[in-house]
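Have a look at upload.cif below; it lists mmCIF, C-alpha atoms.
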```cif
data_final
#
loop_
_atom_site.group_PDB
_atom_site.id
_atom_site.type_symbol
_atom_site.label_atom_id
_atom_site.label_comp_id
_atom_site.auth_asym_id
_atom_site.auth_seq_id
_atom_site.Cartn_x
_atom_site.Cartn_y
_atom_site.Cartn_z
ATOM 1 C CA MET A 1 -51.104 27.105 67.224
ATOM 2 C CA PRO A 2 -47.741 27.507 65.446
ATOM 3 C CA SER A 3 -47.511 29.819 62.492
ATOM 4 C CA SER A 4 -47.132 28.561 58.910
ATOM 5 C CA ARG A 5 -43.477 29.724 58.854
ATOM 6 C CA ALA A 6 -42.795 27.671 61.967
ATOM 7 C CA LEU A 7 -44.442 24.645 60.329
ATOM 8 C CA VAL A 8 -42.067 24.983 57.363
ATOM 9 C CA ARG A 9 -39.069 25.032 59.661
ATOM 10 C CA MET A 10 -40.378 22.005 61.544
ATOM 11 C CA SER A 11 -41.195 19.907 58.487
ATOM 12 C CA HIS A 12 -38.116 20.943 56.396
ATOM 13 C CA PRO A 13 -35.232 21.703 58.755
ATOM 14 C CA ALA A 14 -32.702 21.338 55.880
ATOM 15 C CA ASN A 15 -34.056 24.467 54.153
ATOM 16 C CA SER A 16 -32.617 26.683 56.861
ATOM 17 C CA SER A 17 -29.127 25.228 56.402
ATOM 18 C CA SER A 18 -29.310 25.639 52.626
ATOM 19 C CA LEU A 19 -30.274 29.299 52.968
ATOM 20 C CA GLN A 20 -27.388 29.862 55.343
ATOM 21 C CA VAL A 21 -24.924 28.336 52.845
ATOM 22 C CA ILE A 22 -26.277 30.500 50.026
ATOM 23 C CA PHE A 23 -26.002 33.674 52.143
ATOM 24 C CA LEU A 24 -22.434 32.708 53.078
ATOM 25 C CA LEU A 25 -21.412 32.207 49.428
ATOM 26 C CA LEU A 26 -22.936 35.550 48.474
ATOM 27 C CA PHE A 27 -21.063 37.244 51.300
ATOM 28 C CA LEU A 28 -17.746 35.687 50.205
ATOM 29 C CA TYR A 29 -18.329 36.699 46.578
ATOM 30 C CA CYS A 30 -19.013 40.325 47.605
ATOM 31 C CA ALA A 31 -15.922 40.292 49.816
ATOM 32 C CA ILE A 32 -13.750 39.078 46.911
ATOM 33 C CA LEU A 33 -15.049 41.913 44.716
ATOM 34 C CA SER A 34 -14.418 44.500 47.412
ATOM 35 C CA TRP A 35 -10.910 43.199 48.204
ATOM 36 C CA GLY A 36 -9.856 43.356 44.518
ATOM 37 C CA LEU A 37 -8.801 39.681 44.294
ATOM 38 C CA PRO A 38 -9.058 37.940 40.905
ATOM 39 C CA THR A 39 -12.545 36.802 40.068
ATOM 40 C CA ALA A 40 -13.326 33.274 38.921
ATOM 41 C CA PRO A 41 -13.202 34.031 35.154
ATOM 42 C CA GLU A 42 -9.873 35.863 35.541
ATOM 43 C CA TYR A 43 -8.440 32.984 37.484
ATOM 44 C CA LEU A 44 -9.578 30.385 34.980
ATOM 45 C CA GLN A 45 -8.031 32.414 32.193
ATOM 46 C CA ARG A 46 -4.656 31.402 33.557
ATOM 47 C CA GLY A 47 -5.635 27.727 33.239
ATOM 48 C CA TRP A 48 -7.640 25.819 30.667
ATOM 49 C CA GLN A 49 -9.310 28.926 29.232
ATOM 50 C CA ARG A 50 -5.902 30.350 28.346
ATOM 51 C CA LEU A 51 -5.032 27.163 26.507
ATOM 52 C CA LEU A 52 -8.175 27.488 24.440
ATOM 53 C CA GLU A 53 -7.405 31.090 23.568
ATOM 54 C CA GLU A 54 -3.830 30.233 22.604
ATOM 55 C CA GLY A 55 -5.244 27.863 20.000
ATOM 56 C CA GLU A 56 -6.740 30.859 18.224
ATOM 57 C CA SER A 57 -3.996 33.390 18.787
ATOM 58 C CA CYS A 58 -0.216 33.164 18.677
ATOM 59 C CA LEU A 59 2.440 34.495 20.993
ATOM 60 C CA GLU A 60 5.587 36.218 19.878
ATOM 61 C CA CYS A 61 7.669 33.953 17.646
ATOM 62 C CA ARG A 62 11.017 32.999 19.164
ATOM 63 C CA LEU A 63 12.896 30.811 16.695
ATOM 64 C CA GLU A 64 15.601 29.989 19.234
ATOM 65 C CA GLU A 65 12.976 28.202 21.346
ATOM 66 C CA CYS A 66 11.670 26.062 18.475
ATOM 67 C CA PRO A 67 12.471 22.324 18.682
ATOM 68 C CA THR A 68 14.251 20.750 15.721
ATOM 69 C CA PRO A 69 11.927 18.360 13.855
ATOM 70 C CA ARG A 70 13.410 14.927 13.084
ATOM 71 C CA GLY A 71 12.384 11.991 10.914
ATOM 72 C CA CYS A 72 10.036 14.032 8.735
ATOM 73 C CA LEU A 73 9.470 11.739 5.746
ATOM 74 C CA ALA A 74 7.159 14.221 3.968
ATOM 75 C CA GLY A 75 9.307 17.262 4.696
ATOM 76 C CA VAL A 76 8.592 20.111 7.102
ATOM 77 C CA VAL A 77 5.982 22.868 7.286
ATOM 78 C CA ARG A 78 5.456 25.880 9.533
ATOM 79 C CA ASP A 79 3.269 25.409 12.577
ATOM 80 C CA ALA A 80 -0.151 27.008 13.078
ATOM 81 C CA CYS A 81 1.499 30.266 14.172
ATOM 82 C CA ASP A 82 3.843 30.313 11.142
ATOM 83 C CA CYS A 83 6.794 30.233 13.499
ATOM 84 C CA CYS A 84 8.449 26.856 14.138
ATOM 85 C CA TRP A 85 9.087 24.063 11.658
ATOM 86 C CA GLU A 86 7.372 20.733 12.266
ATOM 87 C CA CYS A 87 6.857 17.455 10.397
ATOM 88 C CA ALA A 88 4.367 17.578 7.541
ATOM 89 C CA ASN A 89 1.672 14.951 7.053
ATOM 90 C CA LEU A 90 2.413 11.935 4.870
ATOM 91 C CA GLU A 91 0.409 10.625 1.939
ATOM 92 C CA GLY A 92 -2.819 9.074 3.238
ATOM 93 C CA GLN A 93 -2.850 10.969 6.543
ATOM 94 C CA ILE A 94 -5.780 13.190 7.555
ATOM 95 C CA CYS A 95 -5.204 16.885 6.907
ATOM 96 C CA ASP A 96 -6.797 20.339 7.177
ATOM 97 C CA LEU A 97 -8.805 20.926 4.022
ATOM 98 C CA ASP A 98 -8.329 24.709 4.176
ATOM 99 C CA ASN A 99 -4.538 24.253 3.777
ATOM 100 C CA THR A 100 -3.868 25.433 7.319
ATOM 101 C CA ASN A 101 -2.165 23.694 10.204
ATOM 102 C CA HIS A 102 -4.639 24.234 13.030
ATOM 103 C CA PHE A 103 -6.126 20.792 13.653
ATOM 104 C CA TYR A 104 -5.062 17.706 11.668
ATOM 105 C CA GLY A 105 -1.951 19.222 10.105
ATOM 106 C CA LYS A 106 -0.620 20.308 6.743
ATOM 107 C CA CYS A 107 0.505 18.065 3.872
ATOM 108 C CA GLY A 108 4.147 17.914 2.840
ATOM 109 C CA ASP A 109 5.884 18.642 -0.460
ATOM 110 C CA HIS A 110 4.176 17.378 -3.633
ATOM 111 C CA LEU A 111 1.057 16.580 -1.588
ATOM 112 C CA GLU A 112 -2.399 18.128 -1.572
ATOM 113 C CA CYS A 113 -5.249 17.829 0.927
ATOM 114 C CA ARG A 114 -8.249 16.355 -0.882
ATOM 115 C CA LEU A 115 -11.678 15.101 0.100
ATOM 116 C CA ASP A 116 -12.610 12.002 -1.908
ATOM 117 C CA ALA A 117 -15.989 10.453 -1.153
ATOM 118 C CA GLY A 118 -15.911 8.028 -4.066
ATOM 119 C CA ASP A 119 -14.830 4.875 -2.194
ATOM 120 C CA LEU A 120 -16.870 5.353 0.964
ATOM 121 C CA GLN A 121 -18.975 2.571 2.390
ATOM 122 C CA HIS A 122 -22.544 3.257 3.475
ATOM 123 C CA GLY A 123 -22.617 5.373 6.618
ATOM 124 C CA GLU A 124 -18.932 6.345 6.518
ATOM 125 C CA VAL A 125 -17.957 9.985 6.959
ATOM 126 C CA PRO A 126 -15.459 11.333 4.387
ATOM 127 C CA GLU A 127 -12.156 12.571 5.765
ATOM 128 C CA PRO A 128 -9.697 14.812 3.896
ATOM 129 C CA GLN A 129 -6.402 13.073 3.198
ATOM 130 C CA CYS A 130 -3.028 14.040 1.802
ATOM 131 C CA THR A 131 -2.823 12.931 -1.832
ATOM 132 C CA CYS A 132 0.227 12.945 -4.079
ATOM 133 C CA LEU A 133 0.005 15.425 -6.931
ATOM 134 C CA SER A 134 1.739 13.063 -9.368
ATOM 135 C CA SER A 135 1.292 9.419 -10.357
ATOM 136 C CA GLN A 136 4.356 9.349 -12.626
ATOM 137 C CA ALA A 137 6.893 6.657 -11.744
ATOM 138 C CA LEU A 138 10.492 7.752 -11.141
ATOM 139 C CA CYS A 139 13.867 6.078 -11.384
ATOM 140 C CA GLY A 140 16.133 6.838 -8.447
ATOM 141 C CA SER A 141 19.910 7.076 -8.476
ATOM 142 C CA ASP A 142 19.870 3.859 -6.445
ATOM 143 C CA GLY A 143 18.498 2.004 -9.490
ATOM 144 C CA LYS A 144 15.076 1.469 -7.888
ATOM 145 C CA THR A 145 11.709 2.440 -9.359
ATOM 146 C CA TYR A 146 9.379 4.572 -7.225
ATOM 147 C CA ALA A 147 5.647 4.701 -7.913
ATOM 148 C CA GLN A 148 5.617 8.519 -7.707
ATOM 149 C CA ILE A 149 7.542 11.501 -6.355
ATOM 150 C CA CYS A 150 5.988 11.224 -2.884
ATOM 151 C CA LYS A 151 7.303 7.686 -2.349
ATOM 152 C CA PHE A 152 10.704 8.793 -3.645
ATOM 153 C CA GLN A 153 10.682 11.730 -1.223
ATOM 154 C CA GLU A 154 9.922 9.447 1.741
ATOM 155 C CA MET A 155 12.946 7.293 0.897
ATOM 156 C CA GLN A 156 15.103 10.385 0.324
ATOM 157 C CA ASN A 157 14.166 11.897 3.697
ATOM 158 C CA SER A 158 14.587 8.614 5.562
ATOM 159 C CA HIS A 159 18.185 8.261 4.298
ATOM 160 C CA PRO A 160 19.534 11.829 4.079
ATOM 161 C CA GLY A 161 23.139 10.639 3.924
ATOM 162 C CA ALA A 162 22.579 8.537 0.813
ATOM 163 C CA ASN A 163 22.354 11.597 -1.488
ATOM 164 C CA LEU A 164 19.488 9.973 -3.384
ATOM 165 C CA THR A 165 18.455 11.847 -6.539
ATOM 166 C CA VAL A 166 16.050 11.330 -9.430
ATOM 167 C CA ALA A 167 17.865 9.678 -12.324
ATOM 168 C CA HIS A 168 15.003 10.216 -14.769
ATOM 169 C CA GLU A 169 11.223 10.187 -15.033
ATOM 170 C CA GLY A 170 9.673 6.818 -15.683
ATOM 171 C CA PRO A 171 10.712 3.494 -14.162
ATOM 172 C CA CYS A 172 14.263 2.177 -14.195
ATOM 173 C CA GLU A 173 14.985 -0.394 -16.857
ATOM 174 C CA SER A 174 15.415 -3.708 -15.099
ATOM 175 C CA GLU A 175 15.167 -7.411 -15.669
ATOM 176 C CA PRO A 176 11.840 -8.981 -14.637
ATOM 177 C CA HIS A 177 11.089 -9.557 -10.994
ATOM 178 C CA ILE A 178 8.568 -12.258 -10.088
ATOM 179 C CA ILE A 179 6.339 -10.744 -7.409
ATOM 180 C CA SER A 180 4.038 -13.756 -7.014
ATOM 181 C CA PRO A 181 5.447 -17.100 -8.237
ATOM 182 C CA PRO A 182 3.429 -20.242 -8.985
ATOM 183 C CA TYR A 183 2.898 -22.603 -6.055
ATOM 184 C CA ASP A 184 3.092 -26.380 -5.800
ATOM 185 C CA ILE A 185 -0.297 -28.020 -6.322
ATOM 186 C CA TRP A 186 -1.763 -31.498 -5.996
ATOM 187 C CA ASN A 187 -5.222 -32.601 -7.019
ATOM 188 C CA ILE A 188 -7.353 -35.571 -8.079
ATOM 189 C CA THR A 189 -7.731 -36.623 -11.673
ATOM 190 C CA GLY A 190 -10.617 -34.886 -13.388
ATOM 191 C CA GLN A 191 -10.248 -31.681 -11.342
ATOM 192 C CA ASP A 192 -8.962 -28.321 -12.648
ATOM 193 C CA VAL A 193 -5.718 -26.697 -11.511
ATOM 194 C CA ILE A 194 -4.346 -23.206 -12.118
ATOM 195 C CA PHE A 195 -0.799 -21.863 -11.794
ATOM 196 C CA GLY A 196 -0.369 -18.101 -11.472
ATOM 197 C CA CYS A 197 2.679 -15.911 -12.119
ATOM 198 C CA GLU A 198 2.820 -12.136 -11.451
ATOM 199 C CA VAL A 199 5.819 -10.203 -12.810
ATOM 200 C CA PHE A 200 7.098 -6.612 -12.592
ATOM 201 C CA ALA A 201 9.504 -5.279 -15.230
ATOM 202 C CA TYR A 202 10.288 -2.257 -17.361
ATOM 203 C CA PRO A 203 10.036 -2.656 -20.256
ATOM 204 C CA MET A 204 7.110 -4.929 -19.481
ATOM 205 C CA ALA A 205 7.948 -8.614 -19.521
ATOM 206 C CA ALA A 206 6.691 -11.380 -21.772
ATOM 207 C CA ILE A 207 5.710 -14.554 -19.899
ATOM 208 C CA GLU A 208 6.071 -18.094 -21.223
ATOM 209 C CA TRP A 209 5.021 -21.403 -19.684
ATOM 210 C CA ARG A 210 6.907 -24.685 -20.145
ATOM 211 C CA LYS A 211 6.711 -28.170 -18.718
ATOM 212 C CA GLU A 212 9.980 -29.796 -17.752
ATOM 213 C CA GLY A 213 10.915 -32.474 -20.279
ATOM 214 C CA LEU A 214 9.055 -30.864 -23.168
ATOM 215 C CA ASP A 215 10.659 -28.572 -25.763
ATOM 216 C CA MET A 216 7.434 -26.796 -26.749
ATOM 217 C CA LEU A 217 5.764 -23.785 -25.193
ATOM 218 C CA LEU A 218 2.448 -24.335 -23.452
ATOM 219 C CA PRO A 219 -0.369 -24.685 -24.289
ATOM 220 C CA GLY A 220 0.878 -26.096 -27.576
ATOM 221 C CA ASP A 221 -1.868 -28.016 -29.346
ATOM 222 C CA ASP A 222 -3.278 -29.542 -26.165
ATOM 223 C CA PRO A 223 -6.954 -28.453 -25.853
ATOM 224 C CA HIS A 224 -7.195 -29.111 -22.097
ATOM 225 C CA ILE A 225 -4.369 -26.622 -21.346
ATOM 226 C CA SER A 226 -4.818 -22.852 -21.739
ATOM 227 C CA VAL A 227 -2.728 -19.772 -20.972
ATOM 228 C CA GLN A 228 -4.090 -16.297 -20.215
ATOM 229 C CA PHE A 229 -2.425 -12.912 -19.674
ATOM 230 C CA ARG A 230 -3.489 -9.620 -18.180
ATOM 231 C CA GLY A 231 -1.721 -6.359 -17.442
ATOM 232 C CA GLY A 232 -1.539 -5.375 -13.788
ATOM 233 C CA PRO A 233 -2.615 -5.383 -11.027
ATOM 234 C CA GLN A 234 -0.116 -2.494 -10.766
ATOM 235 C CA LYS A 235 1.591 -0.456 -13.468
ATOM 236 C CA TYR A 236 4.389 -2.233 -15.294
ATOM 237 C CA GLU A 237 3.185 -5.574 -14.010
ATOM 238 C CA VAL A 238 1.791 -8.485 -15.993
ATOM 239 C CA THR A 239 0.030 -11.570 -14.658
ATOM 240 C CA SER A 240 -0.336 -14.910 -16.409
ATOM 241 C CA TRP A 241 -2.277 -18.070 -15.598
ATOM 242 C CA LEU A 242 -1.719 -21.623 -16.786
ATOM 243 C CA GLN A 243 -4.945 -23.640 -16.481
ATOM 244 C CA ILE A 244 -5.177 -27.399 -16.856
ATOM 245 C CA GLN A 245 -8.736 -28.657 -17.139
ATOM 246 C CA ALA A 246 -9.708 -32.188 -16.070
ATOM 247 C CA VAL A 247 -6.166 -32.930 -14.986
ATOM 248 C CA ARG A 248 -4.677 -36.324 -15.895
ATOM 249 C CA VAL A 249 -1.941 -38.443 -14.357
ATOM 250 C CA THR A 250 0.243 -37.596 -17.386
ATOM 251 C CA ASP A 251 0.010 -33.908 -16.496
ATOM 252 C CA GLU A 252 2.070 -34.505 -13.371
ATOM 253 C CA GLY A 253 5.452 -32.785 -13.412
ATOM 254 C CA THR A 254 7.301 -29.497 -12.961
ATOM 255 C CA TYR A 255 6.046 -26.325 -14.650
ATOM 256 C CA HIS A 256 8.157 -23.231 -15.300
ATOM 257 C CA CYS A 257 7.099 -19.590 -15.579
ATOM 258 C CA PHE A 258 9.640 -17.681 -17.702
ATOM 259 C CA ALA A 259 9.562 -13.869 -17.748
ATOM 260 C CA LYS A 260 11.877 -11.896 -20.008
ATOM 261 C CA ASN A 261 12.466 -8.472 -21.535
ATOM 262 C CA LYS A 262 15.410 -6.835 -23.310
ATOM 263 C CA VAL A 263 17.301 -6.440 -20.032
ATOM 264 C CA GLY A 264 17.159 -10.029 -18.825
ATOM 265 C CA GLN A 265 15.000 -12.961 -17.837
ATOM 266 C CA VAL A 266 13.965 -14.854 -14.722
ATOM 267 C CA ALA A 267 12.122 -18.094 -14.015
ATOM 268 C CA ALA A 268 10.099 -19.702 -11.249
ATOM 269 C CA LEU A 269 8.869 -23.258 -11.022
ATOM 270 C CA ALA A 270 6.134 -25.249 -9.304
ATOM 271 C CA ASN A 271 5.304 -28.939 -9.071
ATOM 272 C CA LEU A 272 2.015 -30.626 -9.903
ATOM 273 C CA MET A 273 1.159 -33.946 -8.277
ATOM 274 C CA VAL A 274 -1.855 -35.849 -9.590
ATOM 275 C CA ILE A 275 -3.487 -38.746 -7.748
ATOM 276 C CA THR A 276 -6.422 -40.966 -8.577
ATOM 277 C CA PRO A 277 -9.512 -41.377 -6.376
ATOM 278 C CA ASP A 278 -8.366 -44.907 -5.514
ATOM 279 C CA GLN A 279 -5.023 -43.593 -4.295
ATOM 280 C CA LEU A 280 -6.815 -40.991 -2.217
ATOM 281 C CA ASN A 281 -8.980 -43.628 -0.550
ATOM 282 C CA LEU A 282 -6.011 -45.861 0.154
ATOM 283 C CA THR A 283 -3.949 -43.145 1.771
ATOM 284 C CA GLU A 284 -6.918 -41.450 3.471
ATOM 285 C CA MET A 285 -5.494 -38.121 2.356
ATOM 286 C CA ALA A 286 -7.484 -34.923 2.563
ATOM 287 C CA LEU A 287 -7.283 -32.261 -0.111
ATOM 288 C CA PRO A 288 -5.604 -29.106 1.203
ATOM 289 C CA LYS A 289 -6.612 -25.606 0.299
ATOM 290 C CA VAL A 290 -4.915 -24.757 -2.968
ATOM 291 C CA PRO A 291 -2.653 -21.702 -2.413
ATOM 292 C CA TYR A 292 -3.049 -20.114 -5.826
ATOM 293 C CA LEU A 293 -5.173 -17.268 -7.063
ATOM 294 C CA ARG A 294 -8.356 -18.645 -8.568
ATOM 295 C CA GLN A 295 -9.119 -17.492 -12.047
ATOM 296 C CA ASP A 296 -12.587 -16.230 -11.206
ATOM 297 C CA ASP A 297 -11.132 -14.044 -8.447
ATOM 298 C CA ASP A 298 -9.021 -11.860 -10.692
ATOM 299 C CA VAL A 299 -9.172 -12.653 -14.383
ATOM 300 C CA GLU A 300 -12.617 -11.129 -14.768
ATOM 301 C CA SER A 301 -11.685 -7.863 -13.081
ATOM 302 C CA ASP A 302 -12.322 -4.461 -14.623
ATOM 303 C CA GLU A 303 -10.356 -3.867 -17.809
ATOM 304 C CA SER A 304 -9.467 -0.405 -16.557
ATOM 305 C CA ASP A 305 -6.693 -2.071 -14.561
ATOM 306 C CA ASP A 306 -4.919 -3.284 -17.687
ATOM 307 C CA TYR A 307 -1.733 -1.580 -18.779
ATOM 308 C CA TYR A 308 -1.298 -2.804 -22.335
#
```

Write-out of the structure in structure tokens:
Amino acid sequence: MPSSRALVRMSHPANSSSLQVIFLLLFLYCAILSWGLPTAPEYLQRGWQRLLEEGESCLECRLEECPTPRGCLAGVVRDACDCCWECANLEGQICDLDNTNHFYGKCGDHLECRLDAGDLQHGEVPEPQCTCLSSQALCGSDGKTYAQICKFQEMQNSHPGANLTVAHEGPCESEPHIISPPYDIWNITGQDVIFGCEVFAYPMAAIEWRKEGLDMLLPGDDPHISVQFRGGPQKYEVTSWLQIQAVRVTDEGTYHCFAKNKVGQVAALANLMVITPDQLNLTEMALPKVPYLRQDDDVESDESDDYY
């Protein structure tokens, strides 16, 4: 009768091969140690492990080997080893909150890495971002207004040959510029229509509405026409709406938005076409989507956006 050890070999012949492989690996490992060849950890140190360690420690700084950074709109900062110059992070980019340059990067001039969790949606993880230290508008030597020093710096760095400088703090005085003009509208009698006009200017512009062919300003004494104003949505902007309730055929015509300040004035126009239900049925026309900003979308916004 065969022994129990023989039964194991007969029922599991693969075990013998596995033991042989293990003994062979142990023999090779001992031979490597005795021969003085580099062990596995020492060998790996020259590969990926070395790369990991270099992330925590720096080699000798050789400035002559540093590449020249180009197109750095937010300026330049030293790298993680405080050796070479590299492009700094722009406003809105993710940054290292500890003011280092080890992972996401360091913010440029006039920028600060901040963590703002105020506008997060449910479940979102806050990320530190580069934020401009100033919100004061600037007037550039090119006659253009920049929202703050960081935007001015981006333009300055993108056109180094233009010798752009800050003319003065605050926006440049300029005639009004209509950012969003009124659009042509058509509708059926009895429906409401709204024209919108959004203007940027410094000093801030006054907006007037007129109908072509009439000498009076709107709304005049017409109770079914109203005009509303609001500062914003951005600084030095003003938005106005002309609303015509229960529009009539006589309301058809061309309407003008006039914006003016002490520097100059500008105008934009839009046409209103009014049709009756009978005309709509005869022509089998379909009402298009009206391309203007509805009053209930923006007029009732938070008063904190006003700039009066």

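The shortest atom-to-atom distance to Glu173 (chain A), with all atoms listed in the file taken into account, belongs to A:Tyr202 out of A:Trp85, A:Tyr202, A:Tyr255, A:Phe103.
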
Give me the residues near region 76-78 of chain A as a PyMOL selection string, where near means some atom within 10 Å (using all atoms listed in the file) and where sequence neighbours in that chain fewer than 2 positions away do not count. chain A and resi 69-74+80-89+100-101+105-109

Q | 8 Å contact set for Ile178 (chain A), all atoms listed in the file, chain neighbours under 2 positions out, as number ranges by chain | A | A: 176, 180-181, 197-200, 259, 266-268

Taking every listed atom of region 129-145 of chain A and adding 6 Å to each side, what centre and edge lengths in Å (one decimal) does the axis-aligned box have, as lines of an AutoDock Vina configuration file?
```
center_x = 6.8
center_y = 8.4
center_z = -4.7
size_x = 38.3
size_y = 26.0
size_z = 27.8
```

With all atoms listed in the file as the counted atoms, please give the residues lying no more than 12 Å from Ile244 (chain A), apart from itself and same-chain residues fewer than 5 positions off, as a PDB file with C-alpha atoms, keeping the file's coordinate frame.
```
ATOM      1  CA  ILE A 185      -0.297 -28.020  -6.322  1.00  0.00           C
ATOM      2  CA  ASN A 187      -5.222 -32.601  -7.019  1.00  0.00           C
ATOM      3  CA  THR A 189      -7.731 -36.623 -11.673  1.00  0.00           C
ATOM      4  CA  GLY A 190     -10.617 -34.886 -13.388  1.00  0.00           C
ATOM      5  CA  GLN A 191     -10.248 -31.681 -11.342  1.00  0.00           C
ATOM      6  CA  ASP A 192      -8.962 -28.321 -12.648  1.00  0.00           C
ATOM      7  CA  VAL A 193      -5.718 -26.697 -11.511  1.00  0.00           C
ATOM      8  CA  ILE A 194      -4.346 -23.206 -12.118  1.00  0.00           C
ATOM      9  CA  PHE A 195      -0.799 -21.863 -11.794  1.00  0.00           C
ATOM     10  CA  GLY A 196      -0.369 -18.101 -11.472  1.00  0.00           C
ATOM     11  CA  LEU A 218       2.448 -24.335 -23.452  1.00  0.00           C
ATOM     12  CA  PRO A 219      -0.369 -24.685 -24.289  1.00  0.00           C
ATOM     13  CA  ASP A 222      -3.278 -29.542 -26.165  1.00  0.00           C
ATOM     14  CA  PRO A 223      -6.954 -28.453 -25.853  1.00  0.00           C
ATOM     15  CA  HIS A 224      -7.195 -29.111 -22.097  1.00  0.00           C
ATOM     16  CA  ILE A 225      -4.369 -26.622 -21.346  1.00  0.00           C
ATOM     17  CA  SER A 226      -4.818 -22.852 -21.739  1.00  0.00           C
ATOM     18  CA  VAL A 227      -2.728 -19.772 -20.972  1.00  0.00           C
ATOM     19  CA  GLN A 228      -4.090 -16.297 -20.215  1.00  0.00           C
ATOM     20  CA  VAL A 249      -1.941 -38.443 -14.357  1.00  0.00           C
ATOM     21  CA  THR A 250       0.243 -37.596 -17.386  1.00  0.00           C
ATOM     22  CA  ASP A 251       0.010 -33.908 -16.496  1.00  0.00           C
ATOM     23  CA  GLU A 252       2.070 -34.505 -13.371  1.00  0.00           C
ATOM     24  CA  TYR A 255       6.046 -26.325 -14.650  1.00  0.00           C
ATOM     25  CA  LEU A 272       2.015 -30.626  -9.903  1.00  0.00           C
ATOM     26  CA  VAL A 274      -1.855 -35.849  -9.590  1.00  0.00           C
ATOM     27  CA  GLN A 295      -9.119 -17.492 -12.047  1.00  0.00           C
TER      28      GLN A 295
END
```

Can you translate the PyMOL selection byres ((chain A and resi 149-153) around 10) into the concrete residues it hits in this file, as a compact mmCIF listing (two decimals) with C-alpha atoms, in the coordinates of the input?
```
# COMPACT_ATOMS: atom_id res chain seq x y z
CA LEU A 73 9.47 11.74 5.75
CA ALA A 74 7.16 14.22 3.97
CA GLY A 75 9.31 17.26 4.70
CA LEU A 90 2.41 11.94 4.87
CA GLU A 91 0.41 10.62 1.94
CA GLY A 108 4.15 17.91 2.84
CA ASP A 109 5.88 18.64 -0.46
CA HIS A 110 4.18 17.38 -3.63
CA LEU A 111 1.06 16.58 -1.59
CA THR A 131 -2.82 12.93 -1.83
CA CYS A 132 0.23 12.94 -4.08
CA LEU A 133 0.00 15.42 -6.93
CA SER A 134 1.74 13.06 -9.37
CA SER A 135 1.29 9.42 -10.36
CA GLN A 136 4.36 9.35 -12.63
CA ALA A 137 6.89 6.66 -11.74
CA LEU A 138 10.49 7.75 -11.14
CA CYS A 139 13.87 6.08 -11.38
CA GLY A 140 16.13 6.84 -8.45
CA LYS A 144 15.08 1.47 -7.89
CA THR A 145 11.71 2.44 -9.36
CA TYR A 146 9.38 4.57 -7.22
CA ALA A 147 5.65 4.70 -7.91
CA GLN A 148 5.62 8.52 -7.71
CA GLU A 154 9.92 9.45 1.74
CA MET A 155 12.95 7.29 0.90
CA GLN A 156 15.10 10.38 0.32
CA ASN A 157 14.17 11.90 3.70
CA SER A 158 14.59 8.61 5.56
CA HIS A 159 18.18 8.26 4.30
CA LEU A 164 19.49 9.97 -3.38
CA THR A 165 18.45 11.85 -6.54
CA VAL A 166 16.05 11.33 -9.43
CA GLU A 169 11.22 10.19 -15.03
```

For the file shown, report as an NGL selection string the outcome of the PyMOL selection byres ((chain A and resi 258) around 9) at residue level.
:A and (206-210 or 256-257 or 259-260 or 265-269)

Practice prompt. Tell me which residues the PyMOL selection byres ((chain A and resi 115) around 9) grabs here, as a PyMOL selection string.
Written response: chain A and resi 97+113-114+116-117+126-130

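CA of Asp184 (chain A) is positioned 27.1 Å from CA of Lys235 (chain A).
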
Review point. Please, what distance in Å, to one decimal, runs between CA of Cys172 (chain A) and CA of Gln234 (chain A)?
Key: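 Atom-to-atom, CA of Cys172 (chain A) and CA of Gln234 (chain A) are spaced 15.5 Å apart.
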
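Distances here use only C-alpha atoms; by that measure, the residue among A:Asn261, A:Thr254, A:Thr239, A:Gln279 closest to Gly213 (chain A) is A:Thr254.
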